[in-house]
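A.B. asks: Provided herewith: target09.pdb, PDB, C-alpha atoms.
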```
ATOM      1  CA  ASN A 178     -76.533  97.578 119.516
ATOM      2  CA  TYR A 179     -77.365  97.280 123.214
ATOM      3  CA  ARG A 180     -81.014  97.556 122.233
ATOM      4  CA  LYS A 181     -80.601  94.720 119.727
ATOM      5  CA  ILE A 182     -79.047  92.509 122.404
ATOM      6  CA  ILE A 183     -81.904  93.335 124.772
ATOM      7  CA  ASP A 184     -84.529  92.499 122.130
ATOM      8  CA  HIS A 185     -82.713  89.254 121.299
ATOM      9  CA  ALA A 186     -82.452  88.249 124.962
ATOM     10  CA  LYS A 187     -86.180  88.764 125.397
ATOM     11  CA  SER A 188     -87.164  87.084 122.124
ATOM     12  CA  ILE A 189     -85.392  83.813 122.971
ATOM     13  CA  ASP A 190     -86.434  83.949 126.641
ATOM     14  CA  SER A 191     -82.845  84.088 127.886
ATOM     15  CA  ASP A 192     -82.179  82.811 131.384
ATOM     16  CA  MET A 193     -79.482  85.408 132.103
ATOM     17  CA  VAL A 194     -77.366  88.132 130.525
ATOM     18  CA  ILE A 195     -73.690  88.634 131.402
ATOM     19  CA  HIS A 196     -71.781  91.808 130.527
ATOM     20  CA  GLY A 197     -68.014  91.315 130.571
ATOM     21  CA  GLY A 198     -67.008  94.872 131.439
ATOM     22  CA  ASP A 199     -66.274  98.305 129.968
ATOM     23  CA  LEU A 200     -69.932  99.195 130.020
ATOM     24  CA  PHE A 201     -68.571 102.765 130.010
ATOM     25  CA  PHE A 202     -65.582 104.165 128.125
ATOM     26  CA  ARG A 203     -64.054 105.903 131.148
ATOM     27  CA  SER A 204     -64.398 106.092 134.904
ATOM     28  CA  ARG A 205     -66.028 109.543 134.983
ATOM     29  CA  VAL A 206     -69.088 109.650 132.762
ATOM     30  CA  HIS A 207     -71.842 112.236 132.394
ATOM     31  CA  ARG A 208     -74.887 111.240 134.435
ATOM     32  CA  LYS A 209     -77.044 111.300 131.314
ATOM     33  CA  VAL A 210     -74.845 108.614 129.738
ATOM     34  CA  VAL A 211     -74.930 106.572 132.950
ATOM     35  CA  HIS A 212     -78.733 106.784 132.972
ATOM     36  CA  MET A 213     -78.986 105.706 129.319
ATOM     37  CA  ALA A 214     -76.740 102.687 129.876
ATOM     38  CA  TYR A 215     -78.504 101.522 133.009
ATOM     39  CA  GLU A 216     -81.925 102.133 131.465
ATOM     40  CA  ALA A 217     -81.060  99.562 128.796
ATOM     41  CA  LEU A 218     -80.047  97.023 131.445
ATOM     42  CA  LEU A 219     -83.187  97.720 133.468
ATOM     43  CA  HIS A 220     -85.313  96.714 130.479
ATOM     44  CA  ILE A 221     -83.787  93.247 130.763
ATOM     45  CA  ALA A 222     -83.916  93.081 134.550
ATOM     46  CA  ASP A 223     -87.537  94.265 134.677
ATOM     47  CA  SER A 224     -88.531  91.403 132.368
ATOM     48  CA  GLY A 225     -87.264  88.922 134.961
ATOM     49  CA  ILE A 226     -83.919  88.139 133.328
ATOM     50  CA  PRO A 227     -80.980  88.468 135.763
ATOM     51  CA  VAL A 228     -78.078  90.649 134.598
ATOM     52  CA  TYR A 229     -74.501  90.104 135.795
ATOM     53  CA  LEU A 230     -71.904  92.858 135.385
ATOM     54  CA  VAL A 231     -68.111  92.656 135.590
ATOM     55  CA  PRO A 232     -66.538  96.109 136.118
ATOM     56  CA  GLY A 233     -63.747  96.604 133.553
ATOM     57  CA  ASN A 234     -60.553  98.603 133.291
ATOM     58  CA  HIS A 235     -62.255 101.547 131.558
ATOM     59  CA  GLU A 236     -64.468 101.948 134.617
ATOM     60  CA  ARG A 237     -61.377 101.529 136.787
ATOM     61  CA  SER A 238     -63.047  98.448 138.257
ATOM     62  CA  VAL A 239     -65.945 100.424 139.760
ATOM     63  CA  LEU A 240     -69.320 101.063 138.114
ATOM     64  CA  PRO A 241     -71.040 104.432 138.658
ATOM     65  CA  THR A 242     -73.431 104.043 141.561
ATOM     66  CA  THR A 243     -77.164 104.602 141.022
ATOM     67  CA  LEU A 244     -80.369 103.038 142.301
ATOM     68  CA  ALA A 245     -80.402 100.893 139.151
ATOM     69  CA  LEU A 246     -77.664  98.702 140.603
ATOM     70  CA  SER A 247     -79.915  97.833 143.539
ATOM     71  CA  HIS A 248     -82.446  96.172 141.240
ATOM     72  CA  ARG A 249     -83.272  92.650 142.404
ATOM     73  CA  ASN A 250     -82.157  91.217 139.054
ATOM     74  CA  ILE A 251     -78.895  93.151 138.635
ATOM     75  CA  PHE A 252     -75.744  91.660 140.153
ATOM     76  CA  VAL A 253     -72.299  93.255 140.119
ATOM     77  CA  PHE A 254     -68.935  91.561 140.652
ATOM     78  CA  ASP A 255     -67.731  94.565 142.620
ATOM     79  CA  THR A 256     -65.575  92.230 144.745
ATOM     80  CA  PRO A 257     -64.502  88.623 144.239
ATOM     81  CA  LYS A 258     -67.674  86.595 144.777
ATOM     82  CA  THR A 259     -69.897  83.797 143.521
ATOM     83  CA  TYR A 260     -73.562  84.139 142.612
ATOM     84  CA  SER A 261     -75.852  81.108 142.372
ATOM     85  CA  LEU A 262     -79.184  80.676 140.645
ATOM     86  CA  ASP A 263     -81.550  77.986 139.462
ATOM     87  CA  MET A 264     -82.064  77.965 135.724
ATOM     88  CA  ALA A 265     -84.305  75.579 133.804
ATOM     89  CA  GLY A 266     -83.749  72.837 136.343
ATOM     90  CA  LEU A 267     -80.003  73.490 136.610
ATOM     91  CA  THR A 268     -78.030  75.135 139.364
ATOM     92  CA  ILE A 269     -75.613  77.703 137.955
ATOM     93  CA  ALA A 270     -72.697  79.242 139.837
ATOM     94  CA  LEU A 271     -71.121  82.397 138.429
ATOM     95  CA  SER A 272     -67.798  83.307 140.020
ATOM     96  CA  GLY A 273     -65.916  86.465 139.188
ATOM     97  CA  PHE A 274     -64.164  89.638 140.230
ATOM     98  CA  PRO A 275     -63.650  93.158 138.857
ATOM     99  CA  PHE A 276     -60.655  94.024 136.696
ATOM    100  CA  ARG A 277     -57.432  93.890 138.721
ATOM    101  CA  ARG A 278     -54.529  96.113 137.783
ATOM    102  CA  GLY A 279     -50.967  94.927 138.211
ATOM    103  CA  ASP A 280     -49.742  91.357 138.406
ATOM    104  CA  ILE A 281     -52.902  89.323 137.839
ATOM    105  CA  ARG A 282     -50.679  86.561 136.495
ATOM    106  CA  GLY A 283     -49.042  86.117 139.879
ATOM    107  CA  ASN A 284     -52.168  86.871 141.924
ATOM    108  CA  PHE A 285     -54.849  85.102 139.909
ATOM    109  CA  ARG A 286     -55.149  82.023 142.116
ATOM    110  CA  THR A 287     -55.346  84.152 145.257
ATOM    111  CA  VAL A 288     -58.043  86.437 143.843
ATOM    112  CA  LEU A 289     -59.965  83.489 142.433
ATOM    113  CA  ALA A 290     -59.929  81.733 145.809
ATOM    114  CA  GLN A 291     -61.583  84.820 147.316
ATOM    115  CA  THR A 292     -64.650  84.169 145.140
ATOM    116  CA  GLY A 293     -65.327  80.932 147.030
ATOM    117  CA  TYR A 294     -65.831  79.099 143.728
ATOM    118  CA  ASP A 295     -64.606  75.819 145.251
ATOM    119  CA  ARG A 296     -67.287  75.846 147.953
ATOM    120  CA  ASN A 297     -70.145  75.391 145.466
ATOM    121  CA  SER A 298     -71.643  72.206 144.093
ATOM    122  CA  ALA A 299     -73.507  73.601 141.084
ATOM    123  CA  ASP A 300     -74.335  71.749 137.885
ATOM    124  CA  ILE A 301     -72.659  74.474 135.808
ATOM    125  CA  ASN A 302     -69.769  76.694 136.928
ATOM    126  CA  LEU A 303     -68.893  79.828 134.971
ATOM    127  CA  LEU A 304     -65.967  82.182 135.576
ATOM    128  CA  CYS A 305     -66.715  85.819 134.695
ATOM    129  CA  ILE A 306     -63.663  88.096 134.320
ATOM    130  CA  HIS A 307     -62.282  91.087 132.453
ATOM    131  CA  HIS A 308     -58.720  90.103 131.616
ATOM    132  CA  ALA A 309     -56.377  88.865 128.930
ATOM    133  CA  VAL A 310     -55.820  85.116 129.032
ATOM    134  CA  GLU A 311     -52.714  83.518 127.572
ATOM    135  CA  GLY A 312     -53.228  82.999 123.833
ATOM    136  CA  ALA A 313     -55.660  85.857 123.193
ATOM    137  CA  THR A 314     -54.828  87.920 120.083
ATOM    138  CA  VAL A 315     -55.510  91.547 119.167
ATOM    139  CA  GLY A 316     -54.755  94.079 116.445
ATOM    140  CA  PRO A 317     -53.928  93.887 112.741
ATOM    141  CA  ALA A 318     -50.538  92.322 113.574
ATOM    142  CA  ASN A 319     -52.252  89.613 115.673
ATOM    143  CA  TYR A 320     -50.366  90.396 118.854
ATOM    144  CA  LYS A 321     -50.672  87.425 121.201
ATOM    145  CA  PHE A 322     -50.768  87.757 124.983
ATOM    146  CA  ARG A 323     -48.329  85.337 126.561
ATOM    147  CA  TYR A 324     -46.075  86.035 129.535
ATOM    148  CA  SER A 325     -46.785  89.569 130.758
ATOM    149  CA  PRO A 326     -47.981  90.245 134.331
ATOM    150  CA  ASP A 327     -51.391  91.367 133.027
ATOM    151  CA  THR A 328     -52.041  87.975 131.402
ATOM    152  CA  ILE A 329     -53.658  85.006 133.143
ATOM    153  CA  ARG A 330     -52.044  81.633 132.475
ATOM    154  CA  LEU A 331     -54.387  79.283 130.672
ATOM    155  CA  ALA A 332     -53.083  76.454 132.832
ATOM    156  CA  ASP A 333     -54.087  78.325 136.011
ATOM    157  CA  ILE A 334     -57.814  78.153 135.210
ATOM    158  CA  PRO A 335     -59.240  75.394 137.430
ATOM    159  CA  SER A 336     -60.974  72.399 135.897
ATOM    160  CA  ALA A 337     -63.954  73.115 138.171
ATOM    161  CA  PHE A 338     -65.216  75.599 135.566
ATOM    162  CA  ASP A 339     -67.241  74.699 132.516
ATOM    163  CA  ALA A 340     -66.408  77.965 130.708
ATOM    164  CA  VAL A 341     -64.671  81.302 131.178
ATOM    165  CA  LEU A 342     -66.577  84.377 129.990
ATOM    166  CA  SER A 343     -64.345  87.413 129.591
ATOM    167  CA  GLY A 344     -64.440  90.980 128.451
ATOM    168  CA  HIS A 345     -61.376  93.204 127.850
ATOM    169  CA  ILE A 346     -60.269  91.758 124.481
ATOM    170  CA  HIS A 347     -62.185  93.513 121.687
ATOM    171  CA  ARG A 348     -61.796  90.762 119.081
ATOM    172  CA  HIS A 349     -64.215  87.854 119.227
ATOM    173  CA  GLN A 350     -62.343  84.602 119.802
ATOM    174  CA  ILE A 351     -62.507  81.356 121.750
ATOM    175  CA  LEU A 352     -59.503  79.783 123.453
ATOM    176  CA  THR A 353     -59.596  76.249 124.816
ATOM    177  CA  LYS A 354     -57.776  74.139 127.350
ATOM    178  CA  ARG A 355     -58.289  70.455 127.892
ATOM    179  CA  ASN A 356     -60.347  69.739 130.987
ATOM    180  CA  ALA A 357     -59.110  66.273 131.842
ATOM    181  CA  ALA A 358     -61.263  66.063 134.972
ATOM    182  CA  LYS A 359     -64.451  66.402 132.906
ATOM    183  CA  ASN A 360     -63.044  64.822 129.715
ATOM    184  CA  ARG A 361     -63.890  67.796 127.530
ATOM    185  CA  ASP A 362     -62.537  71.175 126.472
ATOM    186  CA  LEU A 363     -62.921  74.212 128.702
ATOM    187  CA  PRO A 364     -63.631  77.249 126.485
ATOM    188  CA  VAL A 365     -62.396  80.750 127.271
ATOM    189  CA  ILE A 366     -64.920  82.894 125.428
ATOM    190  CA  TYR A 367     -64.367  86.471 124.273
ATOM    191  CA  PRO A 368     -67.485  87.870 122.602
ATOM    192  CA  GLY A 369     -65.464  90.992 121.781
ATOM    193  CA  SER A 370     -66.754  94.552 121.779
ATOM    194  CA  ILE A 371     -70.134  95.244 120.179
ATOM    195  CA  GLU A 372     -68.756  98.294 118.346
ATOM    196  CA  ARG A 373     -65.455  99.105 116.655
ATOM    197  CA  THR A 374     -63.543 101.372 119.016
ATOM    198  CA  ALA A 375     -60.278 101.857 117.072
ATOM    199  CA  PHE A 376     -59.105 101.583 113.471
ATOM    200  CA  ALA A 377     -57.151  98.488 114.474
ATOM    201  CA  GLU A 378     -60.595  96.832 114.637
ATOM    202  CA  LYS A 379     -61.975  98.171 111.353
ATOM    203  CA  ASP A 380     -62.104  94.735 109.673
ATOM    204  CA  GLU A 381     -63.413  92.807 112.682
ATOM    205  CA  ASP A 382     -66.966  91.498 112.966
ATOM    206  CA  LYS A 383     -68.760  92.645 116.107
ATOM    207  CA  GLY A 384     -71.508  90.962 118.080
ATOM    208  CA  PHE A 385     -72.288  88.925 121.167
ATOM    209  CA  ILE A 386     -72.354  85.307 122.304
ATOM    210  CA  GLU A 387     -75.369  83.112 122.883
ATOM    211  CA  LEU A 388     -74.435  80.242 125.192
ATOM    212  CA  ASP A 389     -76.425  77.062 125.875
ATOM    213  CA  CYS A 390     -75.738  74.684 128.763
ATOM    214  CA  ASP A 391     -77.114  71.475 130.236
ATOM    215  CA  ARG A 392     -75.878  69.062 132.894
ATOM    216  CA  SER A 393     -73.096  67.909 130.576
ATOM    217  CA  GLY A 394     -71.673  71.458 130.386
ATOM    218  CA  VAL A 395     -71.634  73.981 127.549
ATOM    219  CA  THR A 396     -73.530  72.503 124.617
ATOM    220  CA  SER A 397     -73.320  75.349 122.090
ATOM    221  CA  ILE A 398     -71.536  78.657 121.579
ATOM    222  CA  GLU A 399     -73.060  80.891 118.911
ATOM    223  CA  PHE A 400     -71.639  84.243 117.802
ATOM    224  CA  ARG A 401     -74.458  86.626 116.887
ATOM    225  CA  LYS A 402     -73.170  89.297 114.531
ATOM    226  CA  LEU A 403     -74.322  92.889 114.953
ATOM    227  CA  TYR A 404     -74.163  95.867 112.641
ATOM    228  CA  ALA A 405     -71.019  97.874 113.450
ATOM    229  CA  ARG A 406     -70.182 101.320 112.154
ATOM    230  CA  PRO A 407     -67.791 101.062 109.178
ATOM    231  CA  MET A 408     -64.369 102.671 109.534
ATOM    232  CA  VAL A 409     -62.952 104.197 106.353
ATOM    233  CA  ASP A 410     -59.981 106.337 105.298
ATOM    234  CA  LEU A 411     -60.243 109.525 103.239
ATOM    235  CA  MET A 412     -57.132 111.114 101.720
ATOM    236  CA  ILE A 413     -57.275 114.855 100.967
ATOM    237  CA  PRO A 414     -55.162 115.425  97.825
ATOM    238  CA  PRO A 415     -53.482 118.631  96.654
ATOM    239  CA  SER A 416     -55.977 121.088  95.155
ATOM    240  CA  ASP A 417     -56.157 124.604  93.771
ATOM    241  CA  SER A 418     -59.154 125.819  95.792
ATOM    242  CA  ILE A 419     -61.259 125.149  98.861
ATOM    243  CA  ASP A 420     -64.344 124.764  96.640
ATOM    244  CA  SER A 421     -62.672 121.955  94.703
ATOM    245  CA  LEU A 422     -61.810 120.198  97.959
ATOM    246  CA  ARG A 423     -65.341 120.616  99.227
ATOM    247  CA  LYS A 424     -66.798 119.024  96.093
ATOM    248  CA  MET A 425     -64.268 116.209  96.197
ATOM    249  CA  ILE A 426     -64.998 115.419  99.858
ATOM    250  CA  ILE A 427     -68.762 115.495  99.347
ATOM    251  CA  ALA A 428     -68.481 113.205  96.316
ATOM    252  CA  ALA A 429     -66.176 110.759  98.097
ATOM    253  CA  THR A 430     -68.138 110.569 101.344
ATOM    254  CA  SER A 431     -71.495 110.245  99.579
ATOM    255  CA  ALA A 432     -70.519 106.632  98.905
ATOM    256  CA  PHE A 433     -69.839 105.975 102.619
ATOM    257  CA  ASP A 434     -72.279 104.569 105.127
ATOM    258  CA  ALA A 435     -74.075 107.513 106.749
ATOM    259  CA  ASN A 436     -72.902 106.249 110.163
ATOM    260  CA  ALA A 437     -69.290 105.694 109.121
ATOM    261  CA  ILE A 438     -66.288 106.765 111.150
ATOM    262  CA  VAL A 439     -63.955 108.538 108.735
ATOM    263  CA  ARG A 440     -60.231 108.914 109.284
ATOM    264  CA  ILE A 441     -59.155 111.952 107.267
ATOM    265  CA  LYS A 442     -55.563 112.172 106.110
ATOM    266  CA  MET A 443     -53.996 115.080 104.247
ATOM    267  CA  ASP A 444     -51.472 114.785 101.466
ATOM    268  CA  PRO A 445     -48.192 116.418 102.608
ATOM    269  CA  ASN A 446     -48.155 118.416  99.363
ATOM    270  CA  LEU A 447     -51.477 120.085 100.121
ATOM    271  CA  ASP A 448     -51.095 123.881 100.122
ATOM    272  CA  ALA A 449     -50.545 125.228 103.657
ATOM    273  CA  LYS A 450     -53.249 127.907 103.293
ATOM    274  CA  LEU A 451     -55.818 125.326 102.206
ATOM    275  CA  ARG A 452     -54.701 122.997 104.957
ATOM    276  CA  SER A 453     -55.352 125.691 107.558
ATOM    277  CA  ARG A 454     -58.965 125.991 106.404
ATOM    278  CA  LEU A 455     -59.652 122.286 106.845
ATOM    279  CA  ASN A 456     -60.778 122.401 110.452
ATOM    280  CA  THR A 457     -63.509 120.834 112.542
ATOM    281  CA  ASP A 458     -66.124 123.374 111.504
ATOM    282  CA  PHE A 459     -65.346 122.845 107.815
ATOM    283  CA  PHE A 460     -65.756 119.062 107.971
ATOM    284  CA  ARG A 461     -68.835 119.204 110.170
ATOM    285  CA  SER A 462     -70.472 121.629 107.703
ATOM    286  CA  ILE A 463     -70.277 119.163 104.808
ATOM    287  CA  LEU A 464     -70.410 115.725 106.422
ATOM    288  CA  PRO A 465     -73.652 114.092 107.587
ATOM    289  CA  ALA A 466     -74.408 114.750 111.251
ATOM    290  CA  THR A 467     -74.448 110.981 111.848
ATOM    291  CA  MET A 468     -70.892 110.567 110.545
ATOM    292  CA  ASN A 469     -67.963 110.729 112.965
ATOM    293  CA  PHE A 470     -64.556 111.800 111.778
ATOM    294  CA  GLN A 471     -60.960 112.030 112.875
ATOM    295  CA  PHE A 472     -58.417 114.298 111.278
ATOM    296  CA  SER A 473     -55.049 115.910 111.756
ATOM    297  CA  SER A 474     -54.241 119.276 110.279
ATOM    298  CA  ASP A 475     -50.494 118.783 110.697
ATOM    299  CA  GLY A 476     -50.114 115.060 110.171
ATOM    300  CA  LEU A 477     -49.287 114.520 113.821
ATOM    301  CA  GLY A 478     -51.934 114.606 116.528
ATOM    302  CA  ILE A 479     -55.339 113.152 115.772
ATOM    303  CA  ARG A 480     -58.424 114.991 116.907
ATOM    304  CA  ALA A 481     -61.843 113.382 117.006
ATOM    305  CA  GLN A 482     -65.161 115.025 116.353
ATOM    306  CA  ARG A 483     -68.230 113.139 117.439
ATOM    307  CA  ALA A 484     -71.595 113.562 115.833
ATOM    308  CA  THR A 485     -74.199 115.165 118.068
TER     309      THR A 485
END
```
Just give me the structure as structure tokens.

C.D. replies:
Amino acid sequence: NYRKIIDHAKSIDSDMVIHGGDLFFRSRVHRKVVHMAYEALLHIADSGIPVYLVPGNHERSVLPTTLALSHRNIFVFDTPKTYSLDMAGLTIALSGFPFRRGDIRGNFRTVLAQTGYDRNSADINLLCIHHAVEGATVGPANYKFRYSPDTIRLADIPSAFDAVLSGHIHRHQILTKRNAAKNRDLPVIYPGSIERTAFAEKDEDKGFIELDCDRSGVTSIEFRKLYARPMVDLMIPPSDSIDSLRKMIIAATSAFDANAIVRIKMDPNLDAKLRSRLNTDFFRSILPATMNFQFSSDGLGIRAQRAT
């Protein structure tokens, strides 16, 4: 999916690419994974398109350091700051800061002031963050962020900005507040994650945002859908033999996408001896190598097995 975004950015001659954070899943990542991620970004930067990165909470607000981050076209919001550039006859100011743990609700205005956003006179002003903003929703129950300390008040976003671009929330959505000073709406844009990362997201479309601007502000916001690995459930029923279970699983999963993520559940009435034989090695021996799966042998803890 990163490759598709890169190809798209090049094909439409994008003026910039902004990544809203959680480029990596955790703070300590194997160097090979770091290299693969940065290599993708370097393909964009080498083509002359500037790339802006907001460190997220998964990275613990700090991106792994390599020479790639010193590229002339790669810019990181490692501290509160504002970057400026000329783009198609416009001056663009991008203000932002890395993910802040704790009471961002109470400290937002202070942190934002540290970016120096109010000392710029650009045609377009964008705020780049990695936080929940009041009104954002997540999960199958549509939980809405409202009053918690980790949630930025919508009203606290200054009217100086033409749009807020944020990572952190995995569901694509756009919030708005009325920008009376500019007589138009100020969008808070969540492109969402480009892959499904939990079964709570199994029915969500995934993709990225293509944003157009001119001197009047944001003129269009287009969600570009990407292929995302399907997430499916598989129930293991009671059976009289391991061979019968094997045939049943092969038949059932043959109808799944070869890249699916399968959540395997076991009927509580399944014979204990058969249950004990349903382990990681068993499932990996019959499922396609491209298929990821999760299962629990006791109905409690979930273990994940990633395809190699």

A.B. asks: Please build the interface table for segment 336-392 of chain A against segment 434-443 of chain A with a cut-off of 10 Å, listing for each qualifying residue the nearest atom pair and the distance in Å to one decimal; count all atoms listed in the file, order rows by chain and increasing number, and write it as CSV.

C.D. replies:
```
residue,atom,partner,partner_atom,distance
A:Arg373,CA,A:Ile438,CA,9.5
A:Thr374,CA,A:Ile438,CA,9.9
A:Ala375,CA,A:Ile438,CA,9.8
A:Phe376,CA,A:Arg440,CA,8.5
A:Lys379,CA,A:Ile438,CA,9.6
```

A.B. asks: For segment 441-452 of chain A, what centre and edge lengths in Å (one decimal) does the axis-aligned box get once 5 Å is added on each side of all its listed atoms, as AutoDock Vina command-line options?

C.D. replies:
```
--center_x -53.7 --center_y 119.9 --center_z 103.3 --size_x 21.0 --size_y 26.0 --size_z 17.9
```

A.B. asks: Residues within 9 Å of Leu219 of chain A, please, as a list in words. Count only C-alpha atoms; anything in the same chain fewer than 2 positions from it doesn't count.

C.D. replies: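 My list of contacting residues is Ala214, Tyr215, Glu216, Ala217, Ile221, Ala222, Asp223, Ser224, Val228, Ala245, His248, Asn250 and Ile251 of chain A.
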
A.B. asks: Translate the PyMOL selection byres ((chain A and resi 234) around 8) into a concrete residue list for this structure, as number ranges by chain.

C.D. replies: A: 198-199, 232-233, 235-238, 276-278, 307, 345

A.B. asks: Any chance you could work out the residue set of the PyMOL selection byres ((chain A and resi 241) around 8) here, as a list in words?

C.D. replies: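 With the shown file as input, the PyMOL selection byres ((chain A and resi 241) around 8) matches Ser204, Val211, Val239, Leu240, Thr242 and Thr243 of chain A.
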
A.B. asks: Around the point (-82.5, 86.8, 135.7) (coordinates from the file), which residues reach within 12 Å if we count only C-alpha atoms? Answer as a PyMOL selection string.

C.D. replies: chain A and resi 186-187+190-195+218-229+248-252+260-265+269

A.B. asks: The residues within 12 Å of (-58.4, 69.7, 128.3), using only C-alpha atoms and the coordinates of the file, should be reported as a list of chain:residue names; which are they?

C.D. replies: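 Checked against the point, the hits come out as A:Leu331, A:Ala332, A:Ile334, A:Pro335, A:Ser336, A:Ala337, A:Phe338, A:Asp339, A:Ala340, A:Leu352, A:Thr353, A:Lys354, A:Arg355, A:Asn356, A:Ala357, A:Ala358, A:Lys359, A:Asn360, A:Arg361, A:Asp362, A:Leu363, A:Pro364, A:Val365.
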
A.B. asks: List the residues matched by the PyMOL selection byres ((chain A and resi 444) around 9) in the displayed structure as an MDAnalysis selection string, ordered by chain and then by residue number.

C.D. replies: chainID A and resid 412:415 442:443 445:447 476

A.B. asks: Could you list, as a list in words, every residue within 8 Å of segment 385-400 of chain A, counting all atoms listed in the file and ignoring same-chain residues fewer than 3 positions away?

C.D. replies: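 Selected residues are Ile182, Leu267, Asp300, Ile301, Asp339, Ala340, Pro368, Gly369, Ser370, Ile371 and Leu403 of chain A.
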
A.B. asks: For segment 321-325 of chain A, find every residue with an atom within 12 Å (counting only C-alpha atoms), except residues of its own chain fewer than 2 positions away, and show them as a JSON list (two decimals) with C-alpha atoms, in the frame of the given file.

C.D. replies:
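Printed below is result.json as written:
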```
[["chain", "number", "residue", "atom", "x", "y", "z"],
["A", 279, "GLY", "CA", -50.97, 94.93, 138.21],
["A", 280, "ASP", "CA", -49.74, 91.36, 138.41],
["A", 281, "ILE", "CA", -52.90, 89.32, 137.84],
["A", 282, "ARG", "CA", -50.68, 86.56, 136.50],
["A", 283, "GLY", "CA", -49.04, 86.12, 139.88],
["A", 308, "HIS", "CA", -58.72, 90.10, 131.62],
["A", 309, "ALA", "CA", -56.38, 88.86, 128.93],
["A", 310, "VAL", "CA", -55.82, 85.12, 129.03],
["A", 311, "GLU", "CA", -52.71, 83.52, 127.57],
["A", 312, "GLY", "CA", -53.23, 83.00, 123.83],
["A", 313, "ALA", "CA", -55.66, 85.86, 123.19],
["A", 314, "THR", "CA", -54.83, 87.92, 120.08],
["A", 315, "VAL", "CA", -55.51, 91.55, 119.17],
["A", 316, "GLY", "CA", -54.76, 94.08, 116.44],
["A", 317, "PRO", "CA", -53.93, 93.89, 112.74],
["A", 318, "ALA", "CA", -50.54, 92.32, 113.57],
["A", 319, "ASN", "CA", -52.25, 89.61, 115.67],
["A", 327, "ASP", "CA", -51.39, 91.37, 133.03],
["A", 328, "THR", "CA", -52.04, 87.98, 131.40],
["A", 329, "ILE", "CA", -53.66, 85.01, 133.14],
["A", 330, "ARG", "CA", -52.04, 81.63, 132.48],
["A", 331, "LEU", "CA", -54.39, 79.28, 130.67],
["A", 332, "ALA", "CA", -53.08, 76.45, 132.83],
["A", 346, "ILE", "CA", -60.27, 91.76, 124.48],
["A", 348, "ARG", "CA", -61.80, 90.76, 119.08],
["A", 352, "LEU", "CA", -59.50, 79.78, 123.45]]
```

A.B. asks: I'd like the interatomic distance between atom CA of Thr292 of chain A and atom CA of Pro257 of chain A, to a tenth of an Å.

C.D. replies: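 Those two atoms sit 4.5 Å apart.
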
A.B. asks: What is the distance, in Å and to one decimal place, between atom CA of Ser343 of chain A and atom CA of Val231 of chain A?

C.D. replies: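 Computed distance, atom CA of Ser343 of chain A to atom CA of Val231 of chain A, equals 8.8 Å.
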
A.B. asks: I'd like the contact shell of segment 422-426 of chain A - 10 Å cut-off, all atoms listed in the file, skipping same-chain residues fewer than 4 positions apart - returned as a list in words.

C.D. replies: Leu411, Met412, Ile413, Pro414, Pro415, Ser416, Asp417, Ser418, Thr430, Ser431, Leu451, Leu455, Phe459, Phe460, Ser462, Ile463 and Leu464 of chain A

A.B. asks: So how far away is atom CA of Ala429 of chain A from atom CA of Glu378 of chain A, in Å?

C.D. replies: 22.3 Å

A.B. asks: Taking all atoms listed in the file into account, which of A:Gln350, A:Ile366, A:Ala432, A:Ser298 comes nearest Lys383 of chain A?

C.D. replies: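 Of A:Gln350, A:Ile366, A:Ala432, A:Ser298, the one nearest Lys383 of chain A is A:Gln350, counting all atoms listed in the file.
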
A.B. asks: Excluding same-chain residues fewer than 5 positions from Thr256 of chain A, what lies within 9 Å of it counting only C-alpha atoms, as a PyMOL selection string?

C.D. replies: chain A and resi 273-275+291-292

A.B. asks: When distances are computed from only C-alpha atoms, which of A:Gly344, A:Asn284, A:Met468, A:Ile419 shows the smallest separation from Ala449 of chain A?

C.D. replies: A:Ile419
